[in-house]
Structures are given as structure tokens and as C-alpha cells.
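Each remark here refers to the structure printed beneath this line.
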Amino acid sequence: MNSAPGVTFSRRLAWMTEENAMAHAEAKRRASGLPILDLTLSNPTAAELPYPTDALAQAFANPAIADYQPSPRGLVQARQLVAGDYARRGAVVPAENIVLTASSSESYALLFKLLGNPGQTVLVPEPSYPLFDYLTALEGLVPRTYRLAFDGHWHVDFASLDFTDVAVLVVVSPNNPTGSYLGAGDCDRLAELVAAHGVAIIADEVFADFPIAPAPDAVTAIAKRELPSLTFSLGGLSKASGLPQMKLGWIAATGPQSLVGQALGNLDLVADSYLSVGTPVQVALPKLLDIGGTLRAAIHARVLRNRKALAARIGKDSPCTLLPAEAGWSAIVRVPEIMSDEAWALHLLGDHGVLVQPGYFFDLDMGATLVVSLLVPPAVFDQGIEILLAATEKG
Ligand SMILES: Cc1ncc(COP(=O)(O)O)c(C=O)c1O
């Protein structure tokens with residue numbers, strides 16, 4: 001039999017990425033049927049939260065879901081509701097400055113297409129969450145990191161910013177997993193630099209609604225500030241409303257009026273090529289935002305409860321330290337440096353059945369650190385943390 005002819009795949013991704021040691025160990029443990037205390041849970045729908053399933057179904061019981069009115073920015077009624085959500089957060093953003101998308105990841109994709117030429121660079125923070133390698137590569141762009149430095153508080157290391165051939169600068173505020181908001185001073189300085197280099201800022205604020213201990217100068221919504229740079233804030237139902245399954249995100253464009261106008265006109269062309277936001281979710285949005293408010297409160301209470309339990313359990317005599325956080329769903333625990341973070345994570349999973357993420361997943365470079373999710377149901381969280389800390393205390 002003839003073998004099938006070959007096919008050439010794009011060079012955007014390496015495609016056959018090797019499974020890392022943690023993924024391999026997790027797959028092995030799951031296949032063996034042994035229990036896992038999962039401290040990495042990030043899906044709120046799997047976190048024993050009170051989802052009002054009837055009310056969710058009711059939200060879509062509306063004949064308007066049968067109409068189709070294609071519009072690149074999304075239905076005006078839905079955009080007005082998003083403008084209302086910015087008002088709830090203290091920012092004035094007109095509905096015409098809002099573009100609806102299917103998710104924050106898609107918001108990045110549309111903005112990267114708007115702003116970057118193939119091969120150009122996107123400045124992304126380090127440490128931060130690992131998706132940027134993919135999101136940039138899929139648009140033919142290249143990530144370059146700038147550092148966030150920690151001295152008890154996280155801030156931008158301006159010396160690490162290299163603007164050579166940069167298309168756009170990304171800030172994540174609050175950042176995942178450091179839980180740090182961009183400070184007002186850093187924000188203004190970044191905006192001036194970015195404007196001077198003729199590029200824009202993307203501010204990912206998906207965790208902004210989950211404050212833990214914000215610094216007094218924390219920028220909780222970048223749209224509140226009058227900045228010299230073209231700025232795109234990202235938000236959506238996925239985190240702030242605990243509704244990732246609805247697939248609705250948004251971009252809010254702010255900054256100098258003429259730049260915003262140009263950007264929105266061009267973004268219309270990009271969004272019009274896909275029109276990926278479904279009508280049902282836009283029609284259901286008034287009710288989804290209501291339900292989301294209740295879910296947000298439940299998630300926030302969960303995160304605060306788990307953080308408090310973790311801080312209390314670590315106490316003063318532990319060899320571990322809990323890094324401070326201003327906001328978000330994650331906690332970073334520094335563990336004794338007798339082995340690497342990956343070795344700790346493999347040991348905890350293999351010998352104790354506790355699944356955590358090693359800090360290197362997020363390019364955390366500060367000794368041995370483990371990242372745990374504060375979204376985990378309390379019973380599992382407490383049990384997992386107890387085992388983790390007991391293991392580190394034993395050495
Ligand atoms: C900082 C940050 N931004 C964006 C996303 C993706 O959000 P979405 O589900 O809206 O694509 C995540 C997901 O974990 C995230 O951590």
C-alpha cells in the first residue's frame with residue numbers, strides 16, 4: 001500500500017511539544033486510579049459553587065435569540081451593558097468604545113492582528129501566565145518578556161523593557177499568579193513610554209474584581225486613568241462572572257480620541273471577518289450579568305476564605321512563606337529550597353497525591369515556589385494544604 005502523501009503544517013507552532021514531567025506524572029496517576037487532591041483547579045464550574053442552573057436556562061428563554069443582526073462590535077444593547085459594568089468598576093467607557101469577543105484569549109488574537117506585523121514583538125510580563133507563547137505565536141508574533149521585580153511588592157523593572165520592533169505591550173493587572181495590580185506610578189510611566197514608541201497597551205483585567213489586599217495606588221481599572229497611550233482593557237464573563245462556558249469577552253478602547261477612533265475603525269474590519277460572538281449570549285447578557293454578580297460574590301468569598309486558611313496554617317514557624325497578593329485566584333507558596341519547585345511538585349503528586357503547579361510554569365524565578373488555586377472547594381483545599389505543608393515541614 002502506498003503511504004499517504006505528506007502535508008506541510010505552518011511554522012507558527014512547534015506542534016509536537018513534548019509533555020512536561022508534571023503533565024506526564026498527572027496522566028500516570030490518573031490512569032492508575034489513585035486519588036488526586038487537585039490544588040490547581042481554575043474552572044469555576046467545577047468548583048462546587050452555587051450555579052443557578054434554572055436561572056441560567058431561563059436567561060436564554062427569549063425569542064430574540066432567533067434574530068441575527070451581524071455587527072462587528074456586537075449588539076449595541078449588550079455593549080451598553082458592558083459599559084454599565086465598567087461604570088460599576090468606576091470607569092466611564094462609552095458603548096461605542098467596546099468590542100465584544102468570544103473570550104479574552106480571542107480579544108488578544110484580534111488585537112494582535114490589529115497591531116502587529118508578522119515577526120514583530122509583543123512585550124509580556126514575567127512572571128505571568130503561560131498562554132502568551134501560544135497566543136503570540138498563533139498570530140505570527142514573538143513574545144519578549146519584561147520583568148516584574150519583587151521586593152515585598154511587585155513592580156515593573158523598567159530597565160528590562162526593550163522596545164525594539166515592538167507591536168504592543170501587555171500588562172496583566174492583577175497579574176496571574178503574582179496577584180499584583182499595576183501601581184499608578186508604573187502605569188503612568190509605562191503609558192508615556194508606550195506612547196513615545198508609537199505602540200499601544202493591552203491591559204488584561206480579568207481578575208480585577210477579586211481584590212484581596214490591594215495597595216493604595218493599585219490601578220483597579222486602567223480605563224479610569226487619562227493616559228497618553230492607546231489602551232485596550234480586556235474583561236469578560238469568564239472570570240468576573242464565573243461563566244467561562246458562555247464565551248463572552250470584551251475589549252474597551254480608551255486613550256487619545258483620534259487614536260481610539262482609528263483603532264476602532266480598523267478593529268471593525270478584523271472583527272467583521274469573524275463575527276464570532278453568538279447572538280444568544282448577547283441577548284441573555286442582562287440576566288447573565290445579574291447571575292454573574294452572585295457568582296462573583298461566591299467566588300470572592302471562596303478565595304478570601306482559602307487565602308485566610310492558608311495564611312493561618314502556614315503561621316510563623318513554618319519553613320514555607322506565603323507571598324503577599326493584592327488580588328486574584330492564586331497563591332504563591334515559597335517552599336524550602338532543598339529541591340527544585342518541579343521536584344517538589346512531582347514529590348507531592350507522586351508520594352502524597354497533591355497536585356500543585358511549580359513556579360517555573362509561570363517563570364517565577366525566586367527559589368522554589370508552588371502555585372495553588374484559591375478556587376478549590378474548602379474541604380479539598382484544607383486537606384491538600386495540610387499534606388503539602390506537612391511534607392515541607394518533614395523536609
Ligand atoms: C490572566 C488571564 N487572562 C485571560 C485568561 C483567559 O480568559 P478567557 O477564558 O476569557 O479566555 C486567563 C485564563 O486563565 C488568565 O489567567
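Within each chain, counting starts at residue 1; across the C-alpha cells, chains are named A, B, ... in the order shown, with ligands numbered 1 upward in that order.
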
Which residues of chain A have any atom within 10 Å of an atom in ligand 1 when counting only C-alpha atoms and all ligand atoms, and what is the closest pair of atoms for each, with the distance in Å to one decimal? Order the rows by chain and rising number and write it as CSV.
residue,atom,partner,partner_atom_place_in_ligand_line,distance
A:Ser42,CA,ligand 1,14 (O),7.1
A:Asn43,CA,ligand 1,14 (O),8.8
A:Thr101,CA,ligand 1,10 (O),9.1
A:Ala102,CA,ligand 1,10 (O),7.6
A:Ser103,CA,ligand 1,10 (O),3.9
A:Ser104,CA,ligand 1,10 (O),3.7
A:Ser105,CA,ligand 1,11 (O),4.0
A:Glu106,CA,ligand 1,11 (O),6.6
A:Ser107,CA,ligand 1,11 (O),8.0
A:Tyr108,CA,ligand 1,4 (C),8.8
A:Ser128,CA,ligand 1,1 (C),7.6
A:Tyr129,CA,ligand 1,16 (O),6.0
A:Pro130,CA,ligand 1,16 (O),8.6
A:Leu131,CA,ligand 1,12 (C),8.0
A:Phe132,CA,ligand 1,3 (N),9.5
A:Val171,CA,ligand 1,1 (C),9.3
A:Val172,CA,ligand 1,1 (C),6.0
A:Ser173,CA,ligand 1,1 (C),7.8
A:Pro174,CA,ligand 1,1 (C),7.6
A:Asn175,CA,ligand 1,1 (C),6.1
A:Asn176,CA,ligand 1,1 (C),5.2
A:Pro177,CA,ligand 1,16 (O),7.8
A:Gly179,CA,ligand 1,1 (C),9.7
A:Ala203,CA,ligand 1,3 (N),9.5
A:Asp204,CA,ligand 1,3 (N),5.9
A:Glu205,CA,ligand 1,1 (C),7.3
A:Val206,CA,ligand 1,3 (N),5.7
A:Phe207,CA,ligand 1,1 (C),6.9
A:Ala208,CA,ligand 1,1 (C),9.8
A:Leu234,CA,ligand 1,4 (C),8.2
A:Gly235,CA,ligand 1,10 (O),7.1
A:Gly236,CA,ligand 1,10 (O),5.8
A:Leu237,CA,ligand 1,10 (O),7.0
A:Ser238,CA,ligand 1,10 (O),4.9
A:Lys239,CA,ligand 1,10 (O),6.9
A:Ala240,CA,ligand 1,10 (O),9.4
A:Gly242,CA,ligand 1,9 (O),9.7
A:Leu243,CA,ligand 1,9 (O),8.8
A:Pro244,CA,ligand 1,9 (O),5.6
A:Gln245,CA,ligand 1,9 (O),8.5
A:Met246,CA,ligand 1,9 (O),9.6
A:Lys247,CA,ligand 1,10 (O),7.3
A:Leu248,CA,ligand 1,10 (O),7.2
A:Gly249,CA,ligand 1,10 (O),5.7
A:Trp250,CA,ligand 1,10 (O),8.6
A:Gly328,CA,ligand 1,1 (C),9.1
A:Trp329,CA,ligand 1,16 (O),9.0
A:Ser330,CA,ligand 1,16 (O),9.7

Could you write out that same residue set with C-alpha atoms as an mmCIF file, in the first residue's frame?
data_model
loop_
_atom_site.group_PDB
_atom_site.id
_atom_site.type_symbol
_atom_site.label_atom_id
_atom_site.label_comp_id
_atom_site.auth_asym_id
_atom_site.auth_seq_id
_atom_site.Cartn_x
_atom_site.Cartn_y
_atom_site.Cartn_z
ATOM 1 C CA SER A 42 -9.181 27.017 37.709
ATOM 2 C CA ASN A 43 -12.579 26.125 36.256
ATOM 3 C CA THR A 101 -15.431 38.867 21.583
ATOM 4 C CA ALA A 102 -15.808 35.181 22.460
ATOM 5 C CA SER A 103 -13.185 35.266 25.236
ATOM 6 C CA SER A 104 -10.168 37.182 26.498
ATOM 7 C CA SER A 105 -7.947 34.849 24.509
ATOM 8 C CA GLU A 106 -9.845 35.863 21.387
ATOM 9 C CA SER A 107 -9.539 39.532 22.402
ATOM 10 C CA TYR A 108 -5.759 39.077 22.375
ATOM 11 C CA SER A 128 2.891 35.713 34.240
ATOM 12 C CA TYR A 129 0.588 33.093 32.916
ATOM 13 C CA PRO A 130 1.957 30.777 30.230
ATOM 14 C CA LEU A 131 -0.525 31.258 27.391
ATOM 15 C CA PHE A 132 1.335 34.194 25.804
ATOM 16 C CA VAL A 171 0.085 44.267 31.224
ATOM 17 C CA VAL A 172 -1.848 41.781 33.322
ATOM 18 C CA SER A 173 -3.480 43.552 36.253
ATOM 19 C CA PRO A 174 -3.992 41.799 38.557
ATOM 20 C CA ASN A 175 -1.308 39.512 37.258
ATOM 21 C CA ASN A 176 -1.631 35.738 37.356
ATOM 22 C CA PRO A 177 -0.182 34.214 39.545
ATOM 23 C CA GLY A 179 -1.840 38.730 42.203
ATOM 24 C CA ALA A 203 -4.378 45.604 29.900
ATOM 25 C CA ASP A 204 -5.743 42.203 30.886
ATOM 26 C CA GLU A 205 -8.014 42.889 33.864
ATOM 27 C CA VAL A 206 -9.901 39.597 34.034
ATOM 28 C CA PHE A 207 -9.115 39.175 37.750
ATOM 29 C CA ALA A 208 -9.670 42.831 38.731
ATOM 30 C CA LEU A 234 -9.753 43.178 28.474
ATOM 31 C CA GLY A 235 -12.582 41.735 30.525
ATOM 32 C CA GLY A 236 -15.333 39.170 30.186
ATOM 33 C CA LEU A 237 -17.763 36.769 31.793
ATOM 34 C CA SER A 238 -15.173 34.025 32.196
ATOM 35 C CA LYS A 239 -13.636 35.138 35.492
ATOM 36 C CA ALA A 240 -15.574 38.209 36.735
ATOM 37 C CA GLY A 242 -17.692 32.875 36.866
ATOM 38 C CA LEU A 243 -19.216 31.968 33.476
ATOM 39 C CA PRO A 244 -16.420 30.741 31.164
ATOM 40 C CA GLN A 245 -18.836 28.411 29.366
ATOM 41 C CA MET A 246 -20.825 31.376 27.966
ATOM 42 C CA LYS A 247 -17.897 32.522 25.823
ATOM 43 C CA LEU A 248 -18.222 36.290 26.063
ATOM 44 C CA GLY A 249 -15.299 38.627 26.453
ATOM 45 C CA TRP A 250 -14.778 42.284 25.639
ATOM 46 C CA GLY A 328 -6.774 37.102 42.030
ATOM 47 C CA TRP A 329 -7.388 33.381 42.387
ATOM 48 C CA SER A 330 -3.850 32.150 43.057
#

**Request:** Would you kindly return, as a PyMOL selection string, each protein, DNA or RNA residue with an atom no farther than 6 Å from any atom of range 55-71 of chain A, considering only C-alpha atoms and excluding same-chain residues fewer than 2 positions away?
**Result:** chain A and resi 52-53+73-74+279-280+284+287

Keeping only all heavy atoms, take the residues you just selected and write them out as a PDB file, in the first residue's frame.
ATOM      1  N   PRO A  52     -26.938  28.651  39.526  1.00  0.00           N
ATOM      2  CA  PRO A  52     -28.407  28.562  39.433  1.00  0.00           C
ATOM      3  C   PRO A  52     -28.795  28.059  38.046  1.00  0.00           C
ATOM      4  O   PRO A  52     -29.060  28.845  37.136  1.00  0.00           O
ATOM      5  CB  PRO A  52     -28.841  30.014  39.661  1.00  0.00           C
ATOM      6  CG  PRO A  52     -27.697  30.839  39.163  1.00  0.00           C
ATOM      7  CD  PRO A  52     -26.440  30.009  39.283  1.00  0.00           C
ATOM      8  N   THR A  53     -28.836  26.741  37.878  1.00  0.00           N
ATOM      9  CA  THR A  53     -28.977  26.178  36.531  1.00  0.00           C
ATOM     10  C   THR A  53     -30.301  26.571  35.876  1.00  0.00           C
ATOM     11  O   THR A  53     -30.339  26.843  34.670  1.00  0.00           O
ATOM     12  CB  THR A  53     -28.820  24.644  36.570  1.00  0.00           C
ATOM     13  OG1 THR A  53     -29.599  24.154  37.653  1.00  0.00           O
ATOM     14  CG2 THR A  53     -27.385  24.238  36.784  1.00  0.00           C
ATOM     15  N   ARG A  73     -18.811  45.044  16.278  1.00  0.00           N
ATOM     16  CA  ARG A  73     -18.513  45.288  17.712  1.00  0.00           C
ATOM     17  C   ARG A  73     -19.452  44.520  18.630  1.00  0.00           C
ATOM     18  O   ARG A  73     -19.231  44.460  19.834  1.00  0.00           O
ATOM     19  CB  ARG A  73     -18.625  46.785  18.024  1.00  0.00           C
ATOM     20  CG  ARG A  73     -17.509  47.573  17.374  1.00  0.00           C
ATOM     21  CD  ARG A  73     -17.504  49.042  17.701  1.00  0.00           C
ATOM     22  NE  ARG A  73     -16.853  49.717  16.573  1.00  0.00           N
ATOM     23  CZ  ARG A  73     -16.683  51.013  16.439  1.00  0.00           C
ATOM     24  NH1 ARG A  73     -17.112  51.820  17.395  1.00  0.00           N
ATOM     25  NH2 ARG A  73     -16.080  51.522  15.382  1.00  0.00           N
ATOM     26  N   GLY A  74     -20.536  43.963  18.093  1.00  0.00           N
ATOM     27  CA  GLY A  74     -21.521  43.267  18.915  1.00  0.00           C
ATOM     28  C   GLY A  74     -22.777  44.107  19.031  1.00  0.00           C
ATOM     29  O   GLY A  74     -22.787  45.295  18.678  1.00  0.00           O
ATOM     30  N   THR A 279     -25.344  35.292  19.094  1.00  0.00           N
ATOM     31  CA  THR A 279     -26.475  36.140  19.495  1.00  0.00           C
ATOM     32  C   THR A 279     -27.030  35.734  20.872  1.00  0.00           C
ATOM     33  O   THR A 279     -27.296  36.603  21.707  1.00  0.00           O
ATOM     34  CB  THR A 279     -27.590  36.071  18.425  1.00  0.00           C
ATOM     35  OG1 THR A 279     -27.046  36.537  17.197  1.00  0.00           O
ATOM     36  CG2 THR A 279     -28.797  36.909  18.811  1.00  0.00           C
ATOM     37  N   PRO A 280     -27.232  34.426  21.148  1.00  0.00           N
ATOM     38  CA  PRO A 280     -27.873  34.072  22.419  1.00  0.00           C
ATOM     39  C   PRO A 280     -27.178  34.668  23.643  1.00  0.00           C
ATOM     40  O   PRO A 280     -27.837  35.203  24.531  1.00  0.00           O
ATOM     41  CB  PRO A 280     -27.817  32.533  22.425  1.00  0.00           C
ATOM     42  CG  PRO A 280     -27.830  32.171  20.975  1.00  0.00           C
ATOM     43  CD  PRO A 280     -27.032  33.241  20.286  1.00  0.00           C
ATOM     44  N   ALA A 284     -28.907  37.244  26.255  1.00  0.00           N
ATOM     45  CA  ALA A 284     -29.065  36.807  27.654  1.00  0.00           C
ATOM     46  C   ALA A 284     -28.253  37.663  28.624  1.00  0.00           C
ATOM     47  O   ALA A 284     -28.351  37.479  29.847  1.00  0.00           O
ATOM     48  CB  ALA A 284     -28.639  35.339  27.779  1.00  0.00           C
ATOM     49  N   LYS A 287     -29.398  39.145  32.166  1.00  0.00           N
ATOM     50  CA  LYS A 287     -29.589  38.137  33.220  1.00  0.00           C
ATOM     51  C   LYS A 287     -28.262  37.486  33.608  1.00  0.00           C
ATOM     52  O   LYS A 287     -28.014  37.179  34.773  1.00  0.00           O
ATOM     53  CB  LYS A 287     -30.614  37.089  32.787  1.00  0.00           C
ATOM     54  CG  LYS A 287     -32.000  37.702  32.690  1.00  0.00           C
ATOM     55  CD  LYS A 287     -33.080  36.683  32.432  1.00  0.00           C
ATOM     56  CE  LYS A 287     -34.441  37.403  32.462  1.00  0.00           C
ATOM     57  NZ  LYS A 287     -35.431  36.771  31.604  1.00  0.00           N
TER      58      LYS A 287
END

**Request:** Quick one: everything within 8 Å of range 149-164 of chain A, counting only C-alpha atoms, minus sequence neighbours fewer than 6 positions away in the same chain. Send it as JSON, numbers by chain.
**Result:** {"A": [121, 123, 178, 180, 182, 183, 186, 197, 324]}

**Asked** Of the candidates A:Tyr51, A:Trp15, A:Phe9, A:Tyr181, which one gets nearest to Leu288 in chain A if we count only C-alpha atoms?
**Response** A:Tyr51

**Message:** I'd like the neighbourhood of Leu169 in chain A as a ChimeraX atom specification, where a residue qualifies if any of its atoms comes within 8 Å (using only C-alpha atoms), though same-chain residues fewer than 4 positions away should be ignored.
**Reply:** /A:122-124,194,199-202

**Request:** Enumerate the residues of range 136-376 of chain A with a DSSP assignment of strand (DSSP E or B), computed from the backbone, and present them as an NGL selection string.
**Result:** :A and (142-150 or 154-156 or 166-172 or 183 or 200-204 or 211 or 218 or 231-236 or 249-254 or 321-322 or 327 or 330-335 or 354-355 or 357-358 or 368-373)
